[in-house]
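Engineer: Following this line is entry.cif, made up of mmCIF, C-alpha atoms and all ligand atoms:
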data_model
loop_
_atom_site.group_PDB
_atom_site.id
_atom_site.type_symbol
_atom_site.label_atom_id
_atom_site.label_comp_id
_atom_site.auth_asym_id
_atom_site.auth_seq_id
_atom_site.Cartn_x
_atom_site.Cartn_y
_atom_site.Cartn_z
ATOM 1 C CA MET A 1 24.239 -16.886 -53.647
ATOM 2 C CA PHE A 2 23.347 -19.636 -51.240
ATOM 3 C CA SER A 3 22.535 -17.156 -48.461
ATOM 4 C CA LEU A 4 20.272 -15.225 -50.844
ATOM 5 C CA LEU A 5 18.402 -18.409 -51.700
ATOM 6 C CA ALA A 6 18.079 -19.260 -48.000
ATOM 7 C CA ALA A 7 16.747 -15.767 -47.268
ATOM 8 C CA LEU A 8 14.247 -16.125 -50.104
ATOM 9 C CA LEU A 9 13.094 -19.507 -48.826
ATOM 10 C CA LEU A 10 12.760 -18.036 -45.338
ATOM 11 C CA ALA A 11 10.716 -15.137 -46.698
ATOM 12 C CA VAL A 12 8.446 -17.498 -48.616
ATOM 13 C CA SER A 13 7.925 -19.760 -45.624
ATOM 14 C CA ALA A 14 7.339 -16.734 -43.359
ATOM 15 C CA GLN A 15 4.811 -15.441 -45.875
ATOM 16 C CA ALA A 16 2.992 -18.736 -45.871
ATOM 17 C CA SER A 17 2.714 -18.992 -42.089
ATOM 18 C CA VAL A 18 -0.855 -19.441 -41.013
ATOM 19 C CA LEU A 19 -2.613 -18.526 -37.816
ATOM 20 C CA SER A 20 -5.477 -20.405 -36.342
ATOM 21 C CA VAL A 21 -8.095 -19.393 -33.813
ATOM 22 C CA GLN A 22 -8.675 -22.107 -31.252
ATOM 23 C CA ASN A 23 -11.039 -22.751 -28.373
ATOM 24 C CA ALA A 24 -13.294 -19.973 -29.552
ATOM 25 C CA ARG A 25 -16.534 -19.950 -27.641
ATOM 26 C CA PHE A 26 -19.105 -17.545 -26.382
ATOM 27 C CA SER A 27 -21.255 -17.638 -23.304
ATOM 28 C CA LEU A 28 -24.378 -15.605 -22.687
ATOM 29 C CA THR A 29 -25.518 -15.070 -19.131
ATOM 30 C CA GLY A 30 -28.724 -13.425 -18.041
ATOM 31 C CA PRO A 31 -29.454 -11.347 -14.952
ATOM 32 C CA LYS A 32 -27.913 -12.802 -11.754
ATOM 33 C CA SER A 33 -25.384 -14.723 -13.875
ATOM 34 C CA MET A 34 -28.002 -17.195 -15.020
ATOM 35 C CA PRO A 35 -26.405 -19.126 -17.903
ATOM 36 C CA LEU A 36 -28.469 -18.796 -21.094
ATOM 37 C CA ARG A 37 -26.368 -20.130 -23.936
ATOM 38 C CA SER A 38 -22.792 -21.282 -24.317
ATOM 39 C CA GLU A 39 -21.377 -22.717 -27.521
ATOM 40 C CA PRO A 40 -18.075 -23.212 -29.295
ATOM 41 C CA LEU A 41 -17.534 -21.019 -32.363
ATOM 42 C CA SER A 42 -16.176 -21.929 -35.759
ATOM 43 C CA LEU A 43 -14.475 -19.556 -38.180
ATOM 44 C CA LEU A 44 -16.045 -21.402 -41.096
ATOM 45 C CA TYR A 45 -19.623 -20.328 -40.530
ATOM 46 C CA ALA A 46 -21.522 -17.968 -38.264
ATOM 47 C CA ALA A 47 -23.161 -19.523 -35.199
ATOM 48 C CA SER A 48 -26.869 -19.972 -35.637
ATOM 49 C CA PRO A 49 -29.364 -18.875 -34.613
ATOM 50 C CA PRO A 50 -28.207 -15.289 -34.002
ATOM 51 C CA ILE A 51 -27.217 -14.519 -30.416
ATOM 52 C CA GLU A 52 -29.866 -12.383 -28.801
ATOM 53 C CA VAL A 53 -28.512 -10.268 -25.995
ATOM 54 C CA GLY A 54 -31.064 -8.747 -23.605
ATOM 55 C CA PRO A 55 -30.561 -5.395 -21.882
ATOM 56 C CA LYS A 56 -29.339 -7.042 -18.683
ATOM 57 C CA ASP A 57 -27.414 -9.937 -20.234
ATOM 58 C CA LEU A 58 -23.667 -10.314 -20.570
ATOM 59 C CA LEU A 59 -21.948 -11.788 -23.602
ATOM 60 C CA LYS A 60 -18.473 -13.207 -23.158
ATOM 61 C CA LEU A 61 -16.233 -14.241 -25.994
ATOM 62 C CA THR A 62 -12.948 -16.081 -25.541
ATOM 63 C CA PHE A 63 -10.445 -17.515 -27.996
ATOM 64 C CA GLN A 64 -6.776 -18.216 -28.445
ATOM 65 C CA ILE A 65 -4.641 -17.359 -31.448
ATOM 66 C CA VAL A 66 -1.932 -19.902 -32.254
ATOM 67 C CA ASP A 67 0.579 -20.598 -34.980
ATOM 68 C CA LYS A 68 -1.003 -23.406 -36.961
ATOM 69 C CA GLU A 69 2.312 -25.260 -37.446
ATOM 70 C CA THR A 70 3.939 -24.986 -34.039
ATOM 71 C CA GLY A 71 0.759 -24.691 -31.988
ATOM 72 C CA LYS A 72 2.321 -21.901 -29.955
ATOM 73 C CA GLY A 73 0.282 -18.889 -28.874
ATOM 74 C CA VAL A 74 0.814 -15.777 -31.006
ATOM 75 C CA GLN A 75 0.093 -12.150 -30.247
ATOM 76 C CA PRO A 76 -0.891 -10.650 -33.604
ATOM 77 C CA HIS A 77 -0.346 -6.987 -34.295
ATOM 78 C CA GLN A 78 -4.018 -6.272 -34.774
ATOM 79 C CA THR A 79 -7.140 -8.083 -33.640
ATOM 80 C CA PHE A 80 -10.561 -6.598 -34.186
ATOM 81 C CA LEU A 81 -14.209 -7.474 -33.977
ATOM 82 C CA ARG A 82 -16.283 -5.828 -36.687
ATOM 83 C CA PHE A 83 -19.955 -5.181 -36.058
ATOM 84 C CA TYR A 84 -21.847 -4.544 -39.259
ATOM 85 C CA ASP A 85 -25.486 -3.731 -39.795
ATOM 86 C CA GLU A 86 -26.474 -4.939 -43.268
ATOM 87 C CA GLN A 87 -29.655 -2.865 -43.301
ATOM 88 C CA THR A 88 -28.253 0.533 -42.358
ATOM 89 C CA ARG A 89 -24.674 -0.206 -43.512
ATOM 90 C CA GLU A 90 -23.406 1.180 -40.213
ATOM 91 C CA GLU A 91 -20.361 -0.548 -38.847
ATOM 92 C CA GLY A 92 -18.128 -0.441 -35.805
ATOM 93 C CA ILE A 93 -14.639 -1.811 -35.265
ATOM 94 C CA GLN A 94 -13.686 -2.887 -31.757
ATOM 95 C CA PRO A 95 -10.043 -3.695 -30.949
ATOM 96 C CA VAL A 96 -9.550 -6.813 -28.839
ATOM 97 C CA ARG A 97 -6.619 -7.138 -26.468
ATOM 98 C CA VAL A 98 -4.600 -10.331 -26.955
ATOM 99 C CA THR A 99 -2.050 -11.521 -24.388
ATOM 100 C CA PRO A 100 1.497 -12.455 -25.504
ATOM 101 C CA GLY A 101 0.330 -16.072 -25.137
ATOM 102 C CA GLY A 102 -2.382 -15.440 -27.757
ATOM 103 C CA LYS A 103 -5.341 -15.495 -25.357
ATOM 104 C CA ALA A 104 -8.162 -13.031 -25.891
ATOM 105 C CA LYS A 105 -11.315 -12.193 -24.015
ATOM 106 C CA PHE A 106 -14.077 -9.814 -25.006
ATOM 107 C CA GLU A 107 -17.131 -8.872 -22.981
ATOM 108 C CA LEU A 108 -20.207 -7.112 -24.206
ATOM 109 C CA ASN A 109 -22.516 -5.549 -21.682
ATOM 110 C CA PRO A 110 -25.477 -3.836 -23.385
ATOM 111 C CA SER A 111 -25.950 -1.504 -20.443
ATOM 112 C CA LYS A 112 -22.402 -0.202 -21.025
ATOM 113 C CA PRO A 113 -21.911 -0.733 -24.765
ATOM 114 C CA PRO A 114 -18.524 0.107 -26.276
ATOM 115 C CA LEU A 115 -18.535 3.329 -28.292
ATOM 116 C CA SER A 116 -17.619 1.438 -31.423
ATOM 117 C CA LEU A 117 -20.952 -0.423 -31.588
ATOM 118 C CA PRO A 118 -23.150 0.897 -34.377
ATOM 119 C CA PRO A 119 -26.537 2.145 -33.183
ATOM 120 C CA THR A 120 -29.347 -0.396 -33.464
ATOM 121 C CA PRO A 121 -32.549 1.643 -33.281
ATOM 122 C CA GLU A 122 -34.497 -0.891 -35.379
ATOM 123 C CA GLY A 123 -32.988 -3.952 -33.722
ATOM 124 C CA TYR A 124 -31.557 -5.400 -36.950
ATOM 125 C CA PRO A 125 -28.978 -8.138 -36.349
ATOM 126 C CA LEU A 126 -25.315 -7.168 -36.555
ATOM 127 C CA ASN A 127 -22.846 -9.426 -38.383
ATOM 128 C CA VAL A 128 -19.852 -9.950 -36.138
ATOM 129 C CA THR A 129 -16.576 -10.731 -37.907
ATOM 130 C CA ILE A 130 -13.146 -11.366 -36.465
ATOM 131 C CA ILE A 131 -10.249 -9.657 -38.224
ATOM 132 C CA ILE A 132 -6.643 -10.571 -37.424
ATOM 133 C CA GLY A 133 -3.645 -8.870 -38.980
ATOM 134 C CA SER A 134 0.018 -9.687 -38.511
ATOM 135 C CA SER A 135 3.081 -8.885 -40.563
ATOM 136 C CA LEU A 136 4.321 -12.464 -40.226
ATOM 137 C CA TYR A 137 1.136 -14.403 -40.958
ATOM 138 C CA GLU A 138 -1.677 -14.574 -43.447
ATOM 139 C CA PRO A 139 -4.496 -12.253 -42.427
ATOM 140 C CA ILE A 140 -7.759 -13.703 -41.157
ATOM 141 C CA SER A 141 -11.255 -12.330 -41.632
ATOM 142 C CA ALA A 142 -14.018 -14.726 -40.643
ATOM 143 C CA PRO A 143 -17.662 -14.540 -39.552
ATOM 144 C CA LEU A 144 -18.259 -15.411 -35.898
ATOM 145 C CA PHE A 145 -21.938 -14.922 -35.220
ATOM 146 C CA ASP A 146 -24.870 -12.626 -35.804
ATOM 147 C CA LEU A 147 -25.838 -10.517 -32.867
ATOM 148 C CA VAL A 148 -29.222 -9.068 -31.918
ATOM 149 C CA LEU A 149 -28.809 -6.220 -29.454
ATOM 150 C CA PRO A 150 -31.469 -4.318 -27.512
ATOM 151 C CA ARG A 151 -32.806 -1.362 -29.457
ATOM 152 C CA SER A 152 -30.646 1.702 -28.984
ATOM 153 C CA GLN A 153 -31.076 5.399 -29.516
ATOM 154 C CA PRO A 154 -30.869 6.307 -33.191
ATOM 155 C CA ALA A 155 -27.531 7.590 -34.378
ATOM 156 C CA PRO A 156 -27.192 11.328 -33.726
ATOM 157 C CA VAL A 157 -27.284 13.317 -36.929
ATOM 158 C CA ASP A 158 -24.019 15.074 -37.547
ATOM 159 C CA PRO A 159 -24.595 18.827 -37.901
ATOM 160 C CA LEU A 160 -22.283 18.831 -40.904
ATOM 161 C CA GLU A 161 -24.294 16.129 -42.646
ATOM 162 C CA ALA A 162 -26.677 18.617 -44.229
ATOM 163 C CA ALA A 163 -23.725 20.166 -46.041
ATOM 164 C CA PHE A 164 -22.828 16.897 -47.746
ATOM 165 C CA HIS A 165 -25.775 16.212 -49.970
ATOM 166 C CA PRO A 166 -25.841 16.292 -53.728
ATOM 167 C CA LEU A 167 -26.723 19.710 -54.997
ATOM 168 C CA PRO A 168 -29.116 20.172 -57.888
ATOM 169 C CA GLU A 169 -27.445 19.612 -61.196
ATOM 170 C CA ILE A 170 -26.066 22.731 -62.808
ATOM 171 C CA GLN A 171 -27.895 23.341 -66.059
ATOM 172 C CA HIS A 172 -25.973 25.564 -68.407
ATOM 173 C CA THR A 173 -28.108 28.186 -70.028
ATOM 174 C CA PHE A 174 -26.669 29.933 -73.024
ATOM 175 C CA ARG A 175 -27.597 33.472 -73.785
ATOM 176 C CA ALA A 176 -30.404 33.692 -76.316
ATOM 177 C CA PRO A 177 -29.042 34.674 -79.741
ATOM 178 C CA HIS A 178 -29.456 38.284 -80.769
ATOM 179 C CA LYS A 179 -32.671 38.923 -82.567
ATOM 180 C CA LEU A 180 -31.857 39.898 -86.143
ATOM 181 C CA PRO A 181 -34.080 42.355 -88.009
ATOM 182 C CA PRO A 182 -35.910 40.918 -91.012
ATOM 183 C CA ARG A 183 -33.742 40.262 -94.060
ATOM 184 C CA PHE A 184 -35.461 42.871 -96.141
ATOM 185 C CA ILE A 185 -34.669 45.663 -93.679
ATOM 186 C CA SER A 186 -31.035 44.497 -93.437
ATOM 187 C CA ALA A 187 -30.731 44.546 -97.216
ATOM 188 C CA VAL A 188 -32.195 48.060 -97.474
ATOM 189 C CA SER A 189 -29.830 49.326 -94.764
ATOM 190 C CA ALA A 190 -26.856 47.769 -96.523
ATOM 191 C CA ALA A 191 -27.915 49.446 -99.771
ATOM 192 C CA VAL A 192 -28.186 52.819 -98.011
ATOM 193 C CA VAL A 193 -24.683 52.409 -96.591
ATOM 194 C CA VAL A 194 -23.157 51.402 -99.936
ATOM 195 C CA ALA A 195 -25.083 53.931 -102.082
ATOM 196 C CA PRO A 196 -22.736 56.950 -101.528
ATOM 197 C CA TRP A 197 -19.816 54.864 -102.782
ATOM 198 C CA VAL A 198 -21.674 53.961 -105.919
ATOM 199 C CA VAL A 199 -22.479 57.606 -106.527
ATOM 200 C CA LEU A 200 -18.910 58.667 -105.764
ATOM 201 C CA LEU A 201 -17.338 56.105 -108.086
ATOM 202 C CA GLY A 202 -19.871 56.881 -110.796
ATOM 203 C CA LEU A 203 -19.108 60.635 -110.676
ATOM 204 C CA TRP A 204 -15.371 60.015 -110.497
ATOM 205 C CA SER A 205 -15.529 57.965 -113.639
ATOM 206 C CA GLN A 206 -17.062 61.044 -115.326
ATOM 207 C CA VAL A 207 -14.534 63.629 -114.181
ATOM 208 C CA ALA A 208 -11.227 61.879 -113.434
ATOM 209 C CA PRO A 209 -8.716 61.727 -116.315
ATOM 210 C CA SER A 210 -8.069 58.156 -117.207
ATOM 211 C CA PRO A 211 -4.522 57.126 -116.216
ATOM 212 C CA THR A 212 -3.074 56.566 -119.621
ATOM 213 C CA ARG A 213 0.516 55.757 -118.783
ATOM 214 C CA LEU A 214 -0.062 53.587 -115.768
ATOM 215 C CA PHE A 215 0.968 50.446 -117.612
ATOM 216 C CA SER A 216 3.740 51.856 -119.764
ATOM 217 C CA PRO A 217 7.007 49.965 -119.188
ATOM 218 C CA SER A 218 8.759 52.914 -117.558
ATOM 219 C CA VAL A 219 5.964 53.549 -114.994
ATOM 220 C CA LEU A 220 4.762 50.012 -114.278
ATOM 221 C CA PRO A 221 7.668 49.059 -111.923
ATOM 222 C CA PHE A 222 6.828 52.048 -109.715
ATOM 223 C CA VAL A 223 3.142 51.088 -109.613
ATOM 224 C CA LEU A 224 4.105 47.521 -108.703
ATOM 225 C CA CYS A 225 6.362 48.792 -105.901
ATOM 226 C CA LEU A 226 3.553 50.910 -104.467
ATOM 227 C CA GLY A 227 1.260 47.855 -104.695
ATOM 228 C CA ALA A 228 3.876 45.838 -102.820
ATOM 229 C CA PHE A 229 3.798 48.432 -100.026
ATOM 230 C CA GLU A 230 0.039 48.056 -99.796
ATOM 231 C CA VAL A 231 0.421 44.296 -99.576
ATOM 232 C CA LEU A 232 3.075 44.725 -96.884
ATOM 233 C CA LEU A 233 0.788 46.946 -94.794
ATOM 234 C CA PHE A 234 -2.057 44.486 -95.225
ATOM 235 C CA TRP A 235 0.275 41.689 -94.134
ATOM 236 C CA TYR A 236 1.243 43.813 -91.103
ATOM 237 C CA TRP A 237 -2.414 44.158 -90.203
ATOM 238 C CA VAL A 238 -2.915 40.385 -90.475
ATOM 239 C CA ASP A 239 0.257 38.898 -89.072
ATOM 240 C CA LEU A 240 3.548 40.832 -89.009
ATOM 241 C CA LYS A 241 5.258 42.638 -86.145
ATOM 242 C CA LEU A 242 6.347 46.259 -86.445
ATOM 243 C CA GLY A 243 10.064 45.376 -86.609
ATOM 244 C CA GLN A 244 9.471 43.012 -89.509
ATOM 245 C CA VAL A 245 7.442 45.629 -91.371
ATOM 246 C CA LEU A 246 10.221 48.202 -90.979
ATOM 247 C CA LEU A 247 12.807 45.706 -92.203
ATOM 248 C CA TYR A 248 10.805 44.574 -95.259
ATOM 249 C CA GLY A 249 9.740 48.164 -95.917
ATOM 250 C CA ALA A 250 13.362 49.361 -95.896
ATOM 251 C CA GLY A 251 14.240 46.595 -98.356
ATOM 252 C CA LEU A 252 11.316 47.523 -100.575
ATOM 253 C CA ALA A 253 12.123 51.249 -100.415
ATOM 254 C CA ILE A 254 15.358 50.895 -102.444
ATOM 255 C CA PRO A 255 13.814 49.579 -105.706
ATOM 256 C CA THR A 256 10.876 51.950 -105.164
ATOM 257 C CA ILE A 257 13.169 54.979 -105.114
ATOM 258 C CA PHE A 258 14.804 53.985 -108.405
ATOM 259 C CA ALA A 259 11.546 52.956 -110.033
ATOM 260 C CA GLY A 260 9.936 56.231 -108.919
ATOM 261 C CA LYS A 261 12.842 58.299 -110.236
ATOM 262 C CA GLN A 262 12.663 56.525 -113.582
ATOM 263 C CA ALA A 263 8.859 56.913 -113.778
ATOM 264 C CA LEU A 264 8.978 60.611 -112.952
ATOM 265 C CA SER A 265 11.759 61.353 -115.409
ATOM 266 C CA SER A 266 9.975 59.454 -118.184
ATOM 267 C CA ILE A 267 6.773 61.423 -117.482
ATOM 268 C CA GLY A 268 8.766 64.653 -117.353
ATOM 269 C CA ASN A 269 10.381 63.832 -120.672
ATOM 270 C CA LYS A 270 6.956 63.198 -122.173
ATOM 271 C CA ARG A 271 5.688 66.554 -120.849
ATOM 272 C CA VAL A 272 8.478 68.600 -122.331
ATOM 273 C CA GLY A 273 8.131 66.700 -125.576
ATOM 274 C CA ARG A 274 11.546 65.090 -125.649
ATOM 275 C CA LYS A 275 11.227 61.845 -127.422
HETATM 276 C C1 LIG B 301 -25.819 -10.890 -41.367
HETATM 277 O O1 LIG B 301 -26.818 -11.239 -40.454
HETATM 278 C C2 LIG B 301 -28.091 -11.570 -41.011
HETATM 279 C C3 LIG B 301 -29.026 -11.869 -39.882
HETATM 280 O O2 LIG B 301 -28.576 -12.907 -39.092
HETATM 281 C C4 LIG B 301 -27.935 -12.776 -41.945
HETATM 282 O O3 LIG B 301 -29.180 -13.051 -42.573
HETATM 283 C C5 LIG B 301 -26.919 -12.423 -43.019
HETATM 284 O O4 LIG B 301 -26.687 -13.531 -43.841
HETATM 285 C C6 LIG B 301 -25.599 -12.008 -42.363
HETATM 286 N N1 LIG B 301 -24.686 -11.562 -43.404
HETATM 287 C C7 LIG B 301 -23.465 -12.032 -43.506
HETATM 288 C C8 LIG B 301 -22.652 -11.436 -44.615
HETATM 289 O O5 LIG B 301 -23.006 -12.882 -42.783
#
Kindly transcribe the structure held in the file into structure tokens.

Structural biologist:
Amino acid sequence: MFSLLAALLLAVSAQASVLSVQNARFSLTGPKSMPLRSEPLSLLYAASPPIEVGPKDLLKLTFQIVDKETGKGVQPHQTFLRFYDEQTREEGIQPVRVTPGGKAKFELNPSKPPLSLPPTPEGYPLNVTIIIGSSLYEPISAPLFDLVLPRSQPAPVDPLEAAFHPLPEIQHTFRAPHKLPPRFISAVSAAVVVAPWVVLLGLWSQVAPSPTRLFSPSVLPFVLCLGAFEVLLFWYWVDLKLGQVLLYGAGLAIPTIFAGKQALSSIGNKRVGRK
């Protein structure tokens, strides 16, 4: 229990460890090492005015990274300078080598610029930020200075860039609805289609003998059974599977057989005049 607490305390204190950047300063020298400007840097605000580096100048940046509590030099896992152009939103990240004693030196020679520098065709100032990352310390990200570099070639256009532009919005077009003929013509056509049935039913009613015994008690069960078959087939058409239809049909067949036998014998009896 005690060791766990101690480990926790250690973790908390390790988490809270803070780095500090000391003796940060830059020096700008012109052609033939003529000193132009040399100032200490603070991590609290960017040096002003912006540092203007001519084509033949040399900018040197030095600093030391120390543990704020012990004052000992620290070599963090990652140390970067970030160059950011607010106008074009181009940025470049330049790793900085730090010695085990925490000392770091960075030189910028515009005639041999590092590849990570964003292009500055318009000569906008770059915001230079220092970024320090370490697993044992709080991270640091602080502005150092603004930097005006000589104008450079514009950034080359990536050949793939053309493929990464928004395409025109896809507008869904639905097929135009079918054109319907005028209502009157539809109605006349429907009447023509239905007319033969009207004629047929009308003539049938003249010639067909009316089913007199359809509803007599001895025939009605058979008629109901046949109706049930019709319902079953309709149900099959709507919903049922063939196996179900065969099963229900087999069940229905048994009463139908008896009802049919009874109906036929009652009709037969009527025909021959018995009873
Ligand atoms: C970046 O640099 C420009 C020019 O010096 C300055 O006006 C601007 O405030 C800087 N931006 C940041 C975020 O420091």

Engineer: Could you report the residues within 10 Å of ligand LIG 301 (chain B), using all atoms listed in the file, as a VMD selection string?

Structural biologist: chain A and resid 45 to 51 83 to 87 124 to 129 142 to 148

Engineer: Of the candidates A:Tyr137, A:Phe222, A:Phe164, A:Phe63, which shows the shortest atom-to-atom distance to Ser42 of chain A, using only C-alpha atoms?

Structural biologist: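 Comparing A:Tyr137, A:Phe222, A:Phe164, A:Phe63 against Ser42 of chain A, the winner is A:Phe63.
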
Engineer: Is it possible to get the axis-aligned box enclosing segment 166-185 of chain A (all listed atoms, 4 Å extra per side) as AutoDock Vina command-line options, with centre and edge lengths in Å rounded to one decimal?

Structural biologist:
--center_x -30.9 --center_y 31.0 --center_z -74.9 --size_x 18.1 --size_y 37.4 --size_z 50.4

Engineer: Could you list, as a CSV table (one decimal) with C-alpha atoms, in the coordinates of the input, every residue matched by the PyMOL selection byres (((chain A and resi 256-258) around 9) and not hetatm) in this structure?

Structural biologist:
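New file out_38.csv:
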chain,number,residue,atom,x,y,z
A,221,PRO,CA,7.7,49.1,-111.9
A,222,PHE,CA,6.8,52.0,-109.7
A,223,VAL,CA,3.1,51.1,-109.6
A,224,LEU,CA,4.1,47.5,-108.7
A,225,CYS,CA,6.4,48.8,-105.9
A,226,LEU,CA,3.6,50.9,-104.5
A,252,LEU,CA,11.3,47.5,-100.6
A,253,ALA,CA,12.1,51.2,-100.4
A,254,ILE,CA,15.4,50.9,-102.4
A,255,PRO,CA,13.8,49.6,-105.7
A,259,ALA,CA,11.5,53.0,-110.0
A,260,GLY,CA,9.9,56.2,-108.9
A,261,LYS,CA,12.8,58.3,-110.2
A,262,GLN,CA,12.7,56.5,-113.6
A,263,ALA,CA,8.9,56.9,-113.8

Engineer: Atom CA of Ile65 of chain A and atom CA of Asn23 of chain A, how far apart in Å?

Structural biologist: 8.9 Å
